[in-house]
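Colleague: Handing you this structure, nothing more for now.
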Amino acid sequence: MADAITEGAAKLQLDEETGEMVSKNELKKRLQKRARKAATAASRAQGQGQGQGQGSTNAPPSSKAAKPSEVTIDPNAMFNQGFLAEVYKLRPSKDVVTRFPPEPNGYLHLGHAKAITINFGFARYHGGKTILRFDDTNPDAEKEEYFVAIKDTIQWLGFAPAQITYASDNFQRMYDLAEDLIRLGRAYVCHCNEVETKLQRGGEDGSSPRFRCEHAAQDVETNLAKFRGMRDGEYEPQAAWLRMKQDIENPNPQMWDIAAYRIPKNQHPHFRTGTKWRIYPTYDFAHCLCDSFEGITHSLCTGEFIMSRESYEWLNQLLVEFQPMQREFGRLNLKGTIMSKRGLRTLIENKVVRGWDDPRLYTLKAIRRRGIPPGALLSFVNELGVTTANSFVEMARFEQSVRQYLERTVPRIMLVLDPVAVVIEDVDEETDLDVPFSPKDAAMGSRKLRLTRRVYIDRSDFRTVDSKDYFRLAPGKTVGLLHMPHPVRAVSFTADPASGEVSEIRAVFDKESGKKPKAYIQWVPEGSPAAEVRIYSSLFKSEQPASVPGGFMNDLAPDSEVVWPRAMIEDSFREVRRRAPWPEAEGEKDGGFGPESVRFQAMRIAYFALDSDSTDDNIVLNRIVPLKEDSGKNV
């Protein structure tokens with residue numbers, strides 16, 4: 001894998017602005033493009049100056065072209081224009097209240113980051129508040145660990161709910177309203193099974209006439225008695241359920257007498273209410289009522305609930321005074337992975353991945369462990385914008401967004417995956433080199449890099465036999481070592497007679513030629529800390545793993561995790577670790593961060609973060625994303 005990462009760098013040169021190794025042609029194109037941008041910016045600045053001033057129109061151009069500023073996206077653009085701006089116009093409110101209502105039956109995934117950003121951001125932009133409400137209406141699937149993880153994730157993303165509530169806070173109130181619905185003749189207790197219910201709704205293909213079962217004709221007193229019997233445990237699980245009496249002639253399936261209450265199959269004690277309740281409201285019954293109870297002005301949810309809007313409004317208009325407004329935005333989907341809880345559980349149970357936080361997954365827990373900063377997720381959502389259409393985003397676009405965020409916010413240091421020693425024979429005395437953490441941001445400061453007689457380079461950066469198309473280290477060949485005062489030339493090497501593996505290279509400084517090296521490679525001083533490095537790539541081979549014949553388990557990529565157990569990292573990593581988080585994003589301030597906030601660019605390799613398996617004495621690193629790829633580089 002080290003060869004795969006650095007082999008393509010044979011013909012590459014250092015882009016000093018980005019820290020990347022790119023082909024000669026690519027570097028030339030980049031420099032030309034930057035020069036054009038700088039000239040354009042200078043021209044504009046000059047034009048503005050001439051328009052404002054009284055001087056001659058023939059004033060000489062500035063001797064130094066202005067550096068073009070980085071393009072930034074207005075973080076409020078998604079709220080002050082487009083879909084969400086129109087939503088607000090439909091219901092302008094002085095006191096905006098939104099909610100994020102997760103079911104605590106699993107870990108949140110990347111799609112939830114969009115929903116969180118929209119609900120919290122919409123309220124914040126309009127000076128309102130957001131409630132975190134747990135939809136805890138299915139005790140068979142809920143666990144305390146999910147409640148805790150969801151709260152922690154929202155905080156990590158940089159949001160603070162004005163209030164944390166639970167659907168279970170309103171169990172008695174909702175039960176009373178269910179009885180009111182029965183008294184209005186708008187609900188009945190049904191005993192039909194799944195097959196019978198499907199027939200009533202038009203059959204498998206929906207071609208048969210829809211009809212109501214005999215239970216719909218029961219009188220109010222019978223339905224009240226049966227519903228109370230459900231409450232008191234007189235029926236076995238799934239033997240009876242309360243249905244809303246809606247409009248089966250309506251073309252919307254969400255109006256075909258959907259469920260309001262059911263008896264859970266396993267009867268697990270509820271996390272908060274224990275065994276007090278044997279029946280629980282469905283999402284379709286509880287969600288709209290809780291929105292009304294909490295004064296939600298704008299109920300913003302994903303597009304799969306657009307058909308539910310009619311039943312949402314139908315039920316609220318029958319039972320409650322305050323009427324929230326529901327609107328739906330497009331769901332965020334990522335190509336090349338799966339995010340369903342059932343599918344992820346299969347991967348975990350088959351030991352394909354370590355757990356819900358395995359860095360190859362796209363749960364927010366896994367994304368966090370991998371090292372992706374919360375600010376990068378928010379920036380990505382903002383880049384995509386908000387419409388009613390679902391987004392199907394390629395993995396490369398997501399990683400590019402993360403990479404652009406990291407490029408300007410984390411320090412740069414050197415890492416060697418597969419070390420081999422180089423003895424620089426004319427280093428008589430060790431010295432310290434003062435090297436900036438970032439060529440773009442002086443505020444990051446600098447670090448001391450020890451120039452020792454013995455240094456370590458990556459094994460893939462040395463060949464025992466040279467060739468014309470090879471530009472790294474080989475016998476008699478010169479290469480630049482990043483930040484070194486002079487290039488080095490290899491003069492000899494020692495190899496293990498049994499395996500042929502090179503164990504030591506001897507080199508000297510090339511001070512006389514005066515030629516700029518055609519390639520630069522990274523290195524670390526003798527005595528640098530050891531590290532275990534985990535290189536992650538896509539878990540699946542195709543863009544649609546779930547559509548592969550035989551299922552996603554037949555689409556697993558063979559090398560989604562490659563581990564380098566004896567890597568070496570320069571000692572300034574300790575300073576990077578001490579000064580974390582990188583960057584100091586809202587969700588990771590004030591000590592609310594873990595080891596994943598120790599982020600950096602390993603020059604010529606990738607962006608990395610410290611893994612939770614690390615200890616004070618054992619460094620474990622995860623690759624966040626690779627460096628920018630181009631046609632001359634094979635990552």
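All residue names refer to the structure tokens as shown: chains lettered A, B, ... in order, residues numbered from 1 in each chain, ligands numbered from 1 in order.
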Applying 9 Å and only C-alpha atoms, which residues near Gly121 in chain A remain after dropping the ones on its own chain fewer than 4 positions away? List them as a PyMOL selection string.
Modeller: chain A and resi 76+79+116-117+125-126+130+159
Colleague: Got a sec: who's within 10 Å of Thr363 in chain A, counting only C-alpha atoms, leaving out chain neighbours fewer than 5 positions off, as an mmCIF file with all heavy atoms, in the first residue's frame?
Modeller:
```cif
data_model
loop_
_atom_site.group_PDB
_atom_site.id
_atom_site.type_symbol
_atom_site.label_atom_id
_atom_site.label_comp_id
_atom_site.auth_asym_id
_atom_site.auth_seq_id
_atom_site.Cartn_x
_atom_site.Cartn_y
_atom_site.Cartn_z
ATOM 1 N N GLY A 106 -31.215 3.499 17.136
ATOM 2 C CA GLY A 106 -29.974 3.284 16.402
ATOM 3 C C GLY A 106 -29.144 4.558 16.408
ATOM 4 O O GLY A 106 -29.532 5.577 16.983
ATOM 5 N N TYR A 107 -28.000 4.481 15.739
ATOM 6 C CA TYR A 107 -27.104 5.630 15.665
ATOM 7 C C TYR A 107 -27.453 6.492 14.453
ATOM 8 O O TYR A 107 -27.829 5.974 13.400
ATOM 9 C CB TYR A 107 -25.648 5.166 15.580
ATOM 10 C CG TYR A 107 -25.165 4.528 16.858
ATOM 11 C CD1 TYR A 107 -25.121 3.143 16.994
ATOM 12 C CD2 TYR A 107 -24.777 5.309 17.941
ATOM 13 C CE1 TYR A 107 -24.699 2.557 18.177
ATOM 14 C CE2 TYR A 107 -24.349 4.742 19.123
ATOM 15 C CZ TYR A 107 -24.310 3.357 19.235
ATOM 16 O OH TYR A 107 -23.902 2.783 20.415
ATOM 17 N N LEU A 108 -27.327 7.790 14.604
ATOM 18 C CA LEU A 108 -27.599 8.705 13.508
ATOM 19 C C LEU A 108 -26.567 8.521 12.397
ATOM 20 O O LEU A 108 -25.420 8.155 12.651
ATOM 21 C CB LEU A 108 -27.558 10.154 14.006
ATOM 22 C CG LEU A 108 -28.515 10.516 15.151
ATOM 23 C CD1 LEU A 108 -28.347 11.989 15.513
ATOM 24 C CD2 LEU A 108 -29.963 10.209 14.789
ATOM 25 N N HIS A 109 -26.982 8.803 11.149
ATOM 26 C CA HIS A 109 -26.061 8.677 10.022
ATOM 27 C C HIS A 109 -25.928 10.010 9.294
ATOM 28 O O HIS A 109 -26.492 11.035 9.708
ATOM 29 C CB HIS A 109 -26.496 7.556 9.076
ATOM 30 C CG HIS A 109 -27.885 7.702 8.539
ATOM 31 N ND1 HIS A 109 -28.272 8.733 7.710
ATOM 32 C CD2 HIS A 109 -28.997 6.929 8.706
ATOM 33 C CE1 HIS A 109 -29.536 8.601 7.383
ATOM 34 N NE2 HIS A 109 -30.017 7.531 7.974
ATOM 35 N N LEU A 110 -25.184 10.003 8.193
ATOM 36 C CA LEU A 110 -24.868 11.235 7.474
ATOM 37 C C LEU A 110 -26.121 12.002 7.072
ATOM 38 O O LEU A 110 -26.163 13.235 7.137
ATOM 39 C CB LEU A 110 -24.028 10.909 6.238
ATOM 40 C CG LEU A 110 -23.601 12.090 5.362
ATOM 41 C CD1 LEU A 110 -22.744 13.073 6.153
ATOM 42 C CD2 LEU A 110 -22.851 11.598 4.128
ATOM 43 N N GLY A 111 -27.173 11.285 6.653
ATOM 44 C CA GLY A 111 -28.414 11.960 6.276
ATOM 45 C C GLY A 111 -29.016 12.763 7.403
ATOM 46 O O GLY A 111 -29.622 13.824 7.174
ATOM 47 N N HIS A 112 -28.848 12.280 8.638
ATOM 48 C CA HIS A 112 -29.380 13.011 9.786
ATOM 49 C C HIS A 112 -28.642 14.335 10.003
ATOM 50 O O HIS A 112 -29.206 15.273 10.579
ATOM 51 C CB HIS A 112 -29.272 12.164 11.061
ATOM 52 C CG HIS A 112 -30.203 10.991 11.082
ATOM 53 N ND1 HIS A 112 -29.765 9.692 11.025
ATOM 54 C CD2 HIS A 112 -31.557 10.923 11.147
ATOM 55 C CE1 HIS A 112 -30.799 8.869 11.057
ATOM 56 N NE2 HIS A 112 -31.897 9.598 11.135
ATOM 57 N N ALA A 113 -27.377 14.399 9.573
ATOM 58 C CA ALA A 113 -26.630 15.653 9.734
ATOM 59 C C ALA A 113 -27.321 16.782 8.969
ATOM 60 O O ALA A 113 -27.350 17.936 9.426
ATOM 61 C CB ALA A 113 -25.194 15.477 9.237
ATOM 62 N N ILE A 338 -23.940 1.886 2.419
ATOM 63 C CA ILE A 338 -25.288 1.641 2.914
ATOM 64 C C ILE A 338 -25.429 2.347 4.261
ATOM 65 O O ILE A 338 -24.444 2.528 4.983
ATOM 66 C CB ILE A 338 -25.597 0.133 3.072
ATOM 67 C CG1 ILE A 338 -24.657 -0.508 4.105
ATOM 68 C CG2 ILE A 338 -25.489 -0.586 1.740
ATOM 69 C CD1 ILE A 338 -25.046 -1.928 4.492
ATOM 70 N N MET A 339 -26.658 2.736 4.607
ATOM 71 C CA MET A 339 -26.870 3.424 5.878
ATOM 72 C C MET A 339 -28.060 2.865 6.649
ATOM 73 O O MET A 339 -28.392 3.382 7.709
ATOM 74 C CB MET A 339 -27.028 4.927 5.643
ATOM 75 C CG MET A 339 -25.726 5.594 5.243
ATOM 76 S SD MET A 339 -25.739 7.406 5.261
ATOM 77 C CE MET A 339 -26.503 7.777 3.690
ATOM 78 N N SER A 340 -28.698 1.814 6.134
ATOM 79 C CA SER A 340 -29.834 1.241 6.856
ATOM 80 C C SER A 340 -29.334 0.518 8.102
ATOM 81 O O SER A 340 -28.280 -0.134 8.084
ATOM 82 C CB SER A 340 -30.601 0.262 5.969
ATOM 83 O OG SER A 340 -29.896 -0.952 5.804
ATOM 84 N N LYS A 341 -30.096 0.622 9.176
ATOM 85 C CA LYS A 341 -29.691 -0.016 10.436
ATOM 86 C C LYS A 341 -29.588 -1.529 10.282
ATOM 87 O O LYS A 341 -28.688 -2.159 10.839
ATOM 88 C CB LYS A 341 -30.680 0.356 11.543
ATOM 89 C CG LYS A 341 -30.534 1.778 12.035
ATOM 90 C CD LYS A 341 -31.421 2.063 13.222
ATOM 91 C CE LYS A 341 -32.847 2.337 12.849
ATOM 92 N NZ LYS A 341 -33.041 3.655 12.206
ATOM 93 N N LEU A 344 -26.324 -2.323 8.379
ATOM 94 C CA LEU A 344 -25.148 -2.099 9.220
ATOM 95 C C LEU A 344 -25.018 -3.169 10.285
ATOM 96 O O LEU A 344 -23.910 -3.635 10.589
ATOM 97 C CB LEU A 344 -25.241 -0.713 9.867
ATOM 98 C CG LEU A 344 -25.222 0.484 8.908
ATOM 99 C CD1 LEU A 344 -25.365 1.784 9.677
ATOM 100 C CD2 LEU A 344 -23.963 0.498 8.071
ATOM 101 N N TRP A 356 -20.482 -0.012 15.249
ATOM 102 C CA TRP A 356 -21.215 1.128 14.687
ATOM 103 C C TRP A 356 -20.318 2.323 14.402
ATOM 104 O O TRP A 356 -20.679 3.208 13.632
ATOM 105 C CB TRP A 356 -22.329 1.555 15.646
ATOM 106 C CG TRP A 356 -23.401 0.525 15.821
ATOM 107 C CD1 TRP A 356 -23.504 -0.381 16.828
ATOM 108 C CD2 TRP A 356 -24.526 0.287 14.959
ATOM 109 N NE1 TRP A 356 -24.615 -1.172 16.657
ATOM 110 C CE2 TRP A 356 -25.273 -0.781 15.519
ATOM 111 C CE3 TRP A 356 -24.982 0.879 13.782
ATOM 112 C CZ2 TRP A 356 -26.431 -1.276 14.932
ATOM 113 C CZ3 TRP A 356 -26.144 0.391 13.197
ATOM 114 C CH2 TRP A 356 -26.845 -0.673 13.772
ATOM 115 N N ASP A 357 -19.148 2.358 15.045
ATOM 116 C CA ASP A 357 -18.237 3.491 14.843
ATOM 117 C C ASP A 357 -17.050 3.140 13.966
ATOM 118 O O ASP A 357 -16.047 3.864 13.943
ATOM 119 C CB ASP A 357 -17.758 4.033 16.193
ATOM 120 C CG ASP A 357 -16.902 3.033 16.962
ATOM 121 O OD1 ASP A 357 -16.908 1.830 16.597
ATOM 122 O OD2 ASP A 357 -16.239 3.442 17.931
ATOM 123 N N ASP A 358 -17.119 2.037 13.230
ATOM 124 C CA ASP A 358 -16.020 1.696 12.328
ATOM 125 C C ASP A 358 -15.863 2.822 11.295
ATOM 126 O O ASP A 358 -16.843 3.232 10.670
ATOM 127 C CB ASP A 358 -16.299 0.366 11.624
ATOM 128 C CG ASP A 358 -15.097 -0.130 10.831
ATOM 129 O OD1 ASP A 358 -14.796 0.482 9.782
ATOM 130 O OD2 ASP A 358 -14.467 -1.113 11.251
ATOM 131 N N ARG A 368 -17.280 10.584 12.923
ATOM 132 C CA ARG A 368 -16.539 11.305 13.961
ATOM 133 C C ARG A 368 -15.245 10.582 14.299
ATOM 134 O O ARG A 368 -14.175 11.198 14.392
ATOM 135 C CB ARG A 368 -17.421 11.437 15.205
ATOM 136 C CG ARG A 368 -16.744 12.140 16.360
ATOM 137 C CD ARG A 368 -17.720 12.323 17.517
ATOM 138 N NE ARG A 368 -17.089 12.985 18.636
ATOM 139 C CZ ARG A 368 -17.726 13.353 19.754
ATOM 140 N NH1 ARG A 368 -19.027 13.111 19.874
ATOM 141 N NH2 ARG A 368 -17.086 13.969 20.729
ATOM 142 N N ARG A 369 -15.305 9.263 14.469
ATOM 143 C CA ARG A 369 -14.098 8.506 14.815
ATOM 144 C C ARG A 369 -13.068 8.583 13.687
ATOM 145 O O ARG A 369 -11.861 8.647 13.940
ATOM 146 C CB ARG A 369 -14.454 7.044 15.092
ATOM 147 C CG ARG A 369 -13.238 6.201 15.447
ATOM 148 C CD ARG A 369 -13.609 4.780 15.810
ATOM 149 N NE ARG A 369 -12.424 4.012 16.138
ATOM 150 C CZ ARG A 369 -12.434 2.729 16.505
ATOM 151 N NH1 ARG A 369 -13.583 2.075 16.598
ATOM 152 N NH2 ARG A 369 -11.308 2.120 16.780
#
```
Colleague: Would you list, as a PyMOL selection string, the residues of range 177-334 of chain A that end up in helix (DSSP H, G or I) under DSSP run on this structure's backbone?
Modeller: chain A and resi 177-183+194-200+214-217+220-231+253-255+283-293+303-305+308-319
Colleague: Here is a test: counting only C-alpha atoms, which residue of A:Lys29, A:Lys114, A:Lys335, A:Arg342 is nearest to Asn382 in chain A?
Modeller: A:Lys114
Colleague: Find the spatial neighbours of Ala474 in chain A, counting only C-alpha atoms, within a cut-off of 8 Å - ignore same-chain residues fewer than 3 positions away - and output them as a VMD selection string.
Modeller: chain A and resid 462 to 466 477 to 478 490
Colleague: Include N, CA and C atoms and write out the residues we just selected as a compact mmCIF listing (two decimals), in the first residue's frame.
Modeller:
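The file below, out_30.txt, is the result:
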```txt
# COMPACT_ATOMS: atom_id res chain seq x y z
N PHE A 462 12.64 4.63 -2.41
CA PHE A 462 13.99 4.24 -2.79
C PHE A 462 13.95 3.02 -3.70
N ARG A 463 14.75 3.06 -4.75
CA ARG A 463 14.91 1.91 -5.64
C ARG A 463 16.38 1.56 -5.73
N THR A 464 16.65 0.27 -5.76
CA THR A 464 18.04 -0.17 -5.89
C THR A 464 18.54 -0.04 -7.32
N VAL A 465 17.61 -0.04 -8.28
CA VAL A 465 17.97 0.10 -9.69
C VAL A 465 17.24 1.32 -10.24
N ASP A 466 17.98 2.24 -10.79
CA ASP A 466 17.41 3.49 -11.27
C ASP A 466 16.81 3.32 -12.67
N LYS A 477 21.48 9.03 -7.47
CA LYS A 477 20.43 9.99 -7.82
C LYS A 477 20.16 10.93 -6.66
N THR A 478 19.75 12.16 -7.00
CA THR A 478 19.48 13.20 -6.02
C THR A 478 17.97 13.40 -5.86
N ALA A 490 22.02 9.55 -2.98
CA ALA A 490 22.33 8.23 -2.44
C ALA A 490 23.66 7.75 -3.00
```
Colleague: Looking only at strand (DSSP E) from DSSP on the backbone, list the matching residues of range 431-503 of chain A as a PyMOL selection string.
Modeller: chain A and resi 431-436+446-451+454-458+478-481+488-495+502-503
Colleague: For the residues in the current selection, export N, CA, C and O atoms as a CSV table (one decimal), in the first residue's frame.
Modeller:
```
chain,number,residue,atom,x,y,z
A,431,THR,N,21.1,19.7,14.1
A,431,THR,CA,20.5,21.1,14.2
A,431,THR,C,19.0,21.0,14.2
A,431,THR,O,18.4,20.0,13.8
A,432,ASP,N,18.4,22.1,14.6
A,432,ASP,CA,16.9,22.2,14.6
A,432,ASP,C,16.5,23.1,13.4
A,432,ASP,O,17.1,24.2,13.2
A,433,LEU,N,15.6,22.6,12.6
A,433,LEU,CA,15.0,23.4,11.5
A,433,LEU,C,13.7,24.0,12.0
A,433,LEU,O,12.9,23.3,12.7
A,434,ASP,N,13.5,25.3,11.7
A,434,ASP,CA,12.2,25.9,12.1
A,434,ASP,C,11.3,25.9,10.9
A,434,ASP,O,11.5,26.5,9.9
A,435,VAL,N,10.2,25.1,11.1
A,435,VAL,CA,9.3,24.9,10.0
A,435,VAL,C,7.9,25.3,10.3
A,435,VAL,O,7.4,24.9,11.4
A,436,PRO,N,7.2,26.0,9.4
A,436,PRO,CA,5.8,26.4,9.7
A,436,PRO,C,4.9,25.2,9.7
A,436,PRO,O,5.1,24.2,9.0
A,446,SER,N,4.9,27.5,14.2
A,446,SER,CA,5.9,26.7,13.6
A,446,SER,C,6.4,25.6,14.6
A,446,SER,O,6.0,25.7,15.8
A,447,ARG,N,7.1,24.7,14.1
A,447,ARG,CA,7.7,23.6,15.0
A,447,ARG,C,9.1,23.4,14.7
A,447,ARG,O,9.6,23.8,13.7
A,448,LYS,N,9.8,22.8,15.7
A,448,LYS,CA,11.2,22.5,15.5
A,448,LYS,C,11.3,21.1,14.9
A,448,LYS,O,10.7,20.1,15.5
A,449,LEU,N,12.1,21.0,13.9
A,449,LEU,CA,12.3,19.7,13.2
A,449,LEU,C,13.8,19.3,13.3
A,449,LEU,O,14.6,20.1,12.8
A,450,ARG,N,14.1,18.3,14.0
A,450,ARG,CA,15.5,17.9,14.3
A,450,ARG,C,16.2,17.3,13.1
A,450,ARG,O,15.7,16.3,12.5
A,451,LEU,N,17.2,17.9,12.6
A,451,LEU,CA,18.0,17.3,11.5
A,451,LEU,C,19.1,16.4,12.1
A,451,LEU,O,20.1,16.9,12.6
A,454,ARG,N,21.0,10.3,11.1
A,454,ARG,CA,20.2,9.2,10.6
A,454,ARG,C,18.7,9.7,10.5
A,454,ARG,O,18.2,10.1,11.5
A,455,VAL,N,18.1,9.6,9.3
A,455,VAL,CA,16.7,9.9,9.2
A,455,VAL,C,16.0,8.7,8.5
A,455,VAL,O,16.7,7.7,8.2
A,456,TYR,N,14.7,8.8,8.5
A,456,TYR,CA,13.9,7.7,7.9
A,456,TYR,C,13.0,8.2,6.8
A,456,TYR,O,12.3,9.2,6.9
A,457,ILE,N,13.0,7.5,5.6
A,457,ILE,CA,12.1,7.8,4.5
A,457,ILE,C,11.3,6.6,4.3
A,457,ILE,O,11.5,5.5,4.9
A,458,ASP,N,10.3,6.8,3.4
A,458,ASP,CA,9.4,5.6,3.1
A,458,ASP,C,10.2,4.7,2.2
A,458,ASP,O,10.8,5.1,1.2
A,478,THR,N,19.8,12.2,-7.0
A,478,THR,CA,19.5,13.2,-6.0
A,478,THR,C,18.0,13.4,-5.9
A,478,THR,O,17.2,13.4,-6.8
A,479,VAL,N,17.5,13.6,-4.6
A,479,VAL,CA,16.1,13.9,-4.4
A,479,VAL,C,16.1,15.0,-3.3
A,479,VAL,O,17.0,15.1,-2.4
A,480,GLY,N,15.0,15.8,-3.3
A,480,GLY,CA,14.8,16.7,-2.2
A,480,GLY,C,14.1,16.1,-1.0
A,480,GLY,O,13.2,15.3,-1.2
A,481,LEU,N,14.6,16.4,0.2
A,481,LEU,CA,13.9,16.0,1.4
A,481,LEU,C,13.2,17.3,1.9
A,481,LEU,O,13.8,18.3,2.1
A,488,VAL,N,19.6,15.5,-1.2
A,488,VAL,CA,20.6,14.4,-0.8
A,488,VAL,C,20.8,13.5,-2.0
A,488,VAL,O,19.8,13.3,-2.8
A,489,ARG,N,22.0,12.9,-2.1
A,489,ARG,CA,22.3,12.0,-3.2
A,489,ARG,C,22.7,10.6,-2.5
A,489,ARG,O,23.5,10.6,-1.6
A,490,ALA,N,22.0,9.6,-3.0
A,490,ALA,CA,22.3,8.2,-2.4
A,490,ALA,C,23.7,7.8,-3.0
A,490,ALA,O,23.9,7.8,-4.2
A,491,VAL,N,24.5,7.2,-2.1
A,491,VAL,CA,25.8,6.8,-2.6
A,491,VAL,C,26.0,5.2,-2.4
A,491,VAL,O,26.8,4.6,-3.1
A,492,SER,N,25.2,4.6,-1.5
A,492,SER,CA,25.3,3.2,-1.3
A,492,SER,C,24.1,2.7,-0.5
A,492,SER,O,23.3,3.5,0.1
A,493,PHE,N,23.9,1.4,-0.4
A,493,PHE,CA,22.8,0.9,0.4
A,493,PHE,C,23.2,-0.5,0.9
A,493,PHE,O,24.1,-1.2,0.3
A,494,THR,N,22.6,-1.0,2.0
A,494,THR,CA,22.8,-2.3,2.5
A,494,THR,C,21.5,-3.0,2.5
A,494,THR,O,20.4,-2.5,2.8
A,495,ALA,N,21.5,-4.3,2.0
A,495,ALA,CA,20.3,-5.1,1.9
A,495,ALA,C,20.5,-6.4,2.7
A,495,ALA,O,21.6,-6.9,2.8
A,502,VAL,N,16.1,-3.7,1.6
A,502,VAL,CA,17.0,-2.7,2.0
A,502,VAL,C,16.9,-2.4,3.4
A,502,VAL,O,15.8,-2.1,3.9
A,503,SER,N,18.0,-2.4,4.1
A,503,SER,CA,18.0,-2.1,5.6
A,503,SER,C,18.6,-0.7,5.9
A,503,SER,O,18.3,-0.1,6.9
```
Colleague: What gap, in Å, lies between CA of Ala442 in chain A and CA of Ala38 in chain A?
Modeller: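 Distance reported for this atom pair: 20.5 Å.
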Colleague: Of the candidates A:Phe329, A:Tyr312, A:Trp156, A:Phe392, which shows the shortest atom-to-atom distance to Phe285 in chain A, using only C-alpha atoms?
Modeller: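 Between A:Phe329, A:Tyr312, A:Trp156, A:Phe392, the residue approaching Phe285 in chain A most closely is A:Tyr312.
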Colleague: May I have the residues within 7 Å of Ile131 in chain A as a ChimeraX atom specification, using only C-alpha atoms and disregarding those fewer than 2 positions away in the same chain?
Modeller: /A:98-100,129,133,161-164
Colleague: Find the spatial neighbours of Tyr175 in chain A, counting only C-alpha atoms, within a cut-off of 9 Å - ignore same-chain residues fewer than 3 positions away - and output them as a short mmCIF file (atom, residue, chain, number, x, y, z; two decimals) with all heavy atoms, in the first residue's frame.
Modeller:
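Result file is selection09.cif:
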```cif
data_model
loop_
_atom_site.label_atom_id
_atom_site.label_comp_id
_atom_site.auth_asym_id
_atom_site.auth_seq_id
_atom_site.Cartn_x
_atom_site.Cartn_y
_atom_site.Cartn_z
N ASN A 170 -45.86 12.66 27.02
CA ASN A 170 -47.26 12.92 26.67
C ASN A 170 -48.09 11.65 26.49
O ASN A 170 -49.14 11.70 25.86
CB ASN A 170 -47.31 13.75 25.38
CG ASN A 170 -46.62 15.09 25.52
OD1 ASN A 170 -47.04 15.93 26.30
ND2 ASN A 170 -45.55 15.28 24.76
N PHE A 171 -47.61 10.53 27.02
CA PHE A 171 -48.34 9.27 26.82
C PHE A 171 -49.79 9.36 27.33
O PHE A 171 -50.72 8.92 26.65
CB PHE A 171 -47.62 8.12 27.50
CG PHE A 171 -46.51 7.51 26.67
CD1 PHE A 171 -45.67 6.55 27.22
CD2 PHE A 171 -46.32 7.88 25.35
CE1 PHE A 171 -44.65 5.98 26.45
CE2 PHE A 171 -45.30 7.33 24.58
CZ PHE A 171 -44.47 6.37 25.14
N GLN A 172 -49.98 9.89 28.52
CA GLN A 172 -51.34 9.97 29.05
C GLN A 172 -52.19 10.93 28.24
O GLN A 172 -53.34 10.64 27.91
CB GLN A 172 -51.32 10.41 30.52
CG GLN A 172 -52.69 10.41 31.20
CD GLN A 172 -53.31 9.01 31.25
OE1 GLN A 172 -52.69 8.06 31.75
NE2 GLN A 172 -54.52 8.87 30.72
N ALA A 178 -56.77 9.84 22.08
CA ALA A 178 -57.20 8.68 21.30
C ALA A 178 -58.63 8.30 21.66
O ALA A 178 -59.44 7.95 20.78
CB ALA A 178 -56.24 7.52 21.54
N GLU A 179 -58.96 8.36 22.95
CA GLU A 179 -60.35 8.10 23.34
C GLU A 179 -61.28 9.16 22.76
O GLU A 179 -62.40 8.85 22.33
CB GLU A 179 -60.48 8.04 24.86
CG GLU A 179 -59.87 6.78 25.48
CD GLU A 179 -60.50 6.44 26.84
OE1 GLU A 179 -61.31 7.24 27.34
OE2 GLU A 179 -60.18 5.36 27.38
N ASP A 180 -60.81 10.43 22.73
CA ASP A 180 -61.63 11.48 22.11
C ASP A 180 -61.87 11.18 20.64
O ASP A 180 -62.98 11.41 20.11
CB ASP A 180 -60.93 12.83 22.24
CG ASP A 180 -60.96 13.38 23.66
OD1 ASP A 180 -61.74 12.85 24.50
OD2 ASP A 180 -60.20 14.33 23.94
N TYR A 261 -52.57 3.20 17.49
CA TYR A 261 -51.99 2.52 18.66
C TYR A 261 -51.80 1.04 18.34
O TYR A 261 -52.60 0.45 17.62
CB TYR A 261 -52.91 2.66 19.88
CG TYR A 261 -52.59 3.85 20.76
CD1 TYR A 261 -53.05 5.12 20.43
CD2 TYR A 261 -51.82 3.71 21.91
CE1 TYR A 261 -52.77 6.22 21.22
CE2 TYR A 261 -51.53 4.79 22.72
CZ TYR A 261 -52.00 6.05 22.36
OH TYR A 261 -51.70 7.12 23.16
N TYR A 280 -48.74 1.51 22.76
CA TYR A 280 -47.94 2.70 22.43
C TYR A 280 -48.46 3.34 21.15
O TYR A 280 -48.88 2.64 20.21
CB TYR A 280 -46.47 2.32 22.27
CG TYR A 280 -45.85 1.90 23.58
CD1 TYR A 280 -45.85 0.55 23.96
CD2 TYR A 280 -45.31 2.83 24.45
CE1 TYR A 280 -45.31 0.16 25.18
CE2 TYR A 280 -44.76 2.45 25.67
CZ TYR A 280 -44.77 1.11 26.03
OH TYR A 280 -44.25 0.73 27.24
N PRO A 281 -48.44 4.67 21.09
CA PRO A 281 -48.88 5.35 19.87
C PRO A 281 -47.89 5.15 18.73
O PRO A 281 -46.69 4.98 18.96
CB PRO A 281 -48.93 6.82 20.30
CG PRO A 281 -47.93 6.93 21.41
CD PRO A 281 -47.99 5.61 22.14
#
```
Colleague: Compile the contact shell of Glu304 in chain A as an MDAnalysis selection string: residues with an atom at most 9 Å away, counting only C-alpha atoms, same-chain residues fewer than 3 positions apart removed.
Modeller: chainID A and resid 301 307:308 328 330:331
Colleague: To one decimal place in Å, what is the distance between CA of Gly128 in chain A and CA of Ser299 in chain A?
Modeller: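 Calculated distance between CA of Gly128 in chain A and CA of Ser299 in chain A is 13.3 Å.
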Colleague: So which one's closest to Asn333 in chain A, A:Ser460, A:Ser612, A:Ser391, A:Thr222? Using only C-alpha atoms, please.
Modeller: A:Ser391
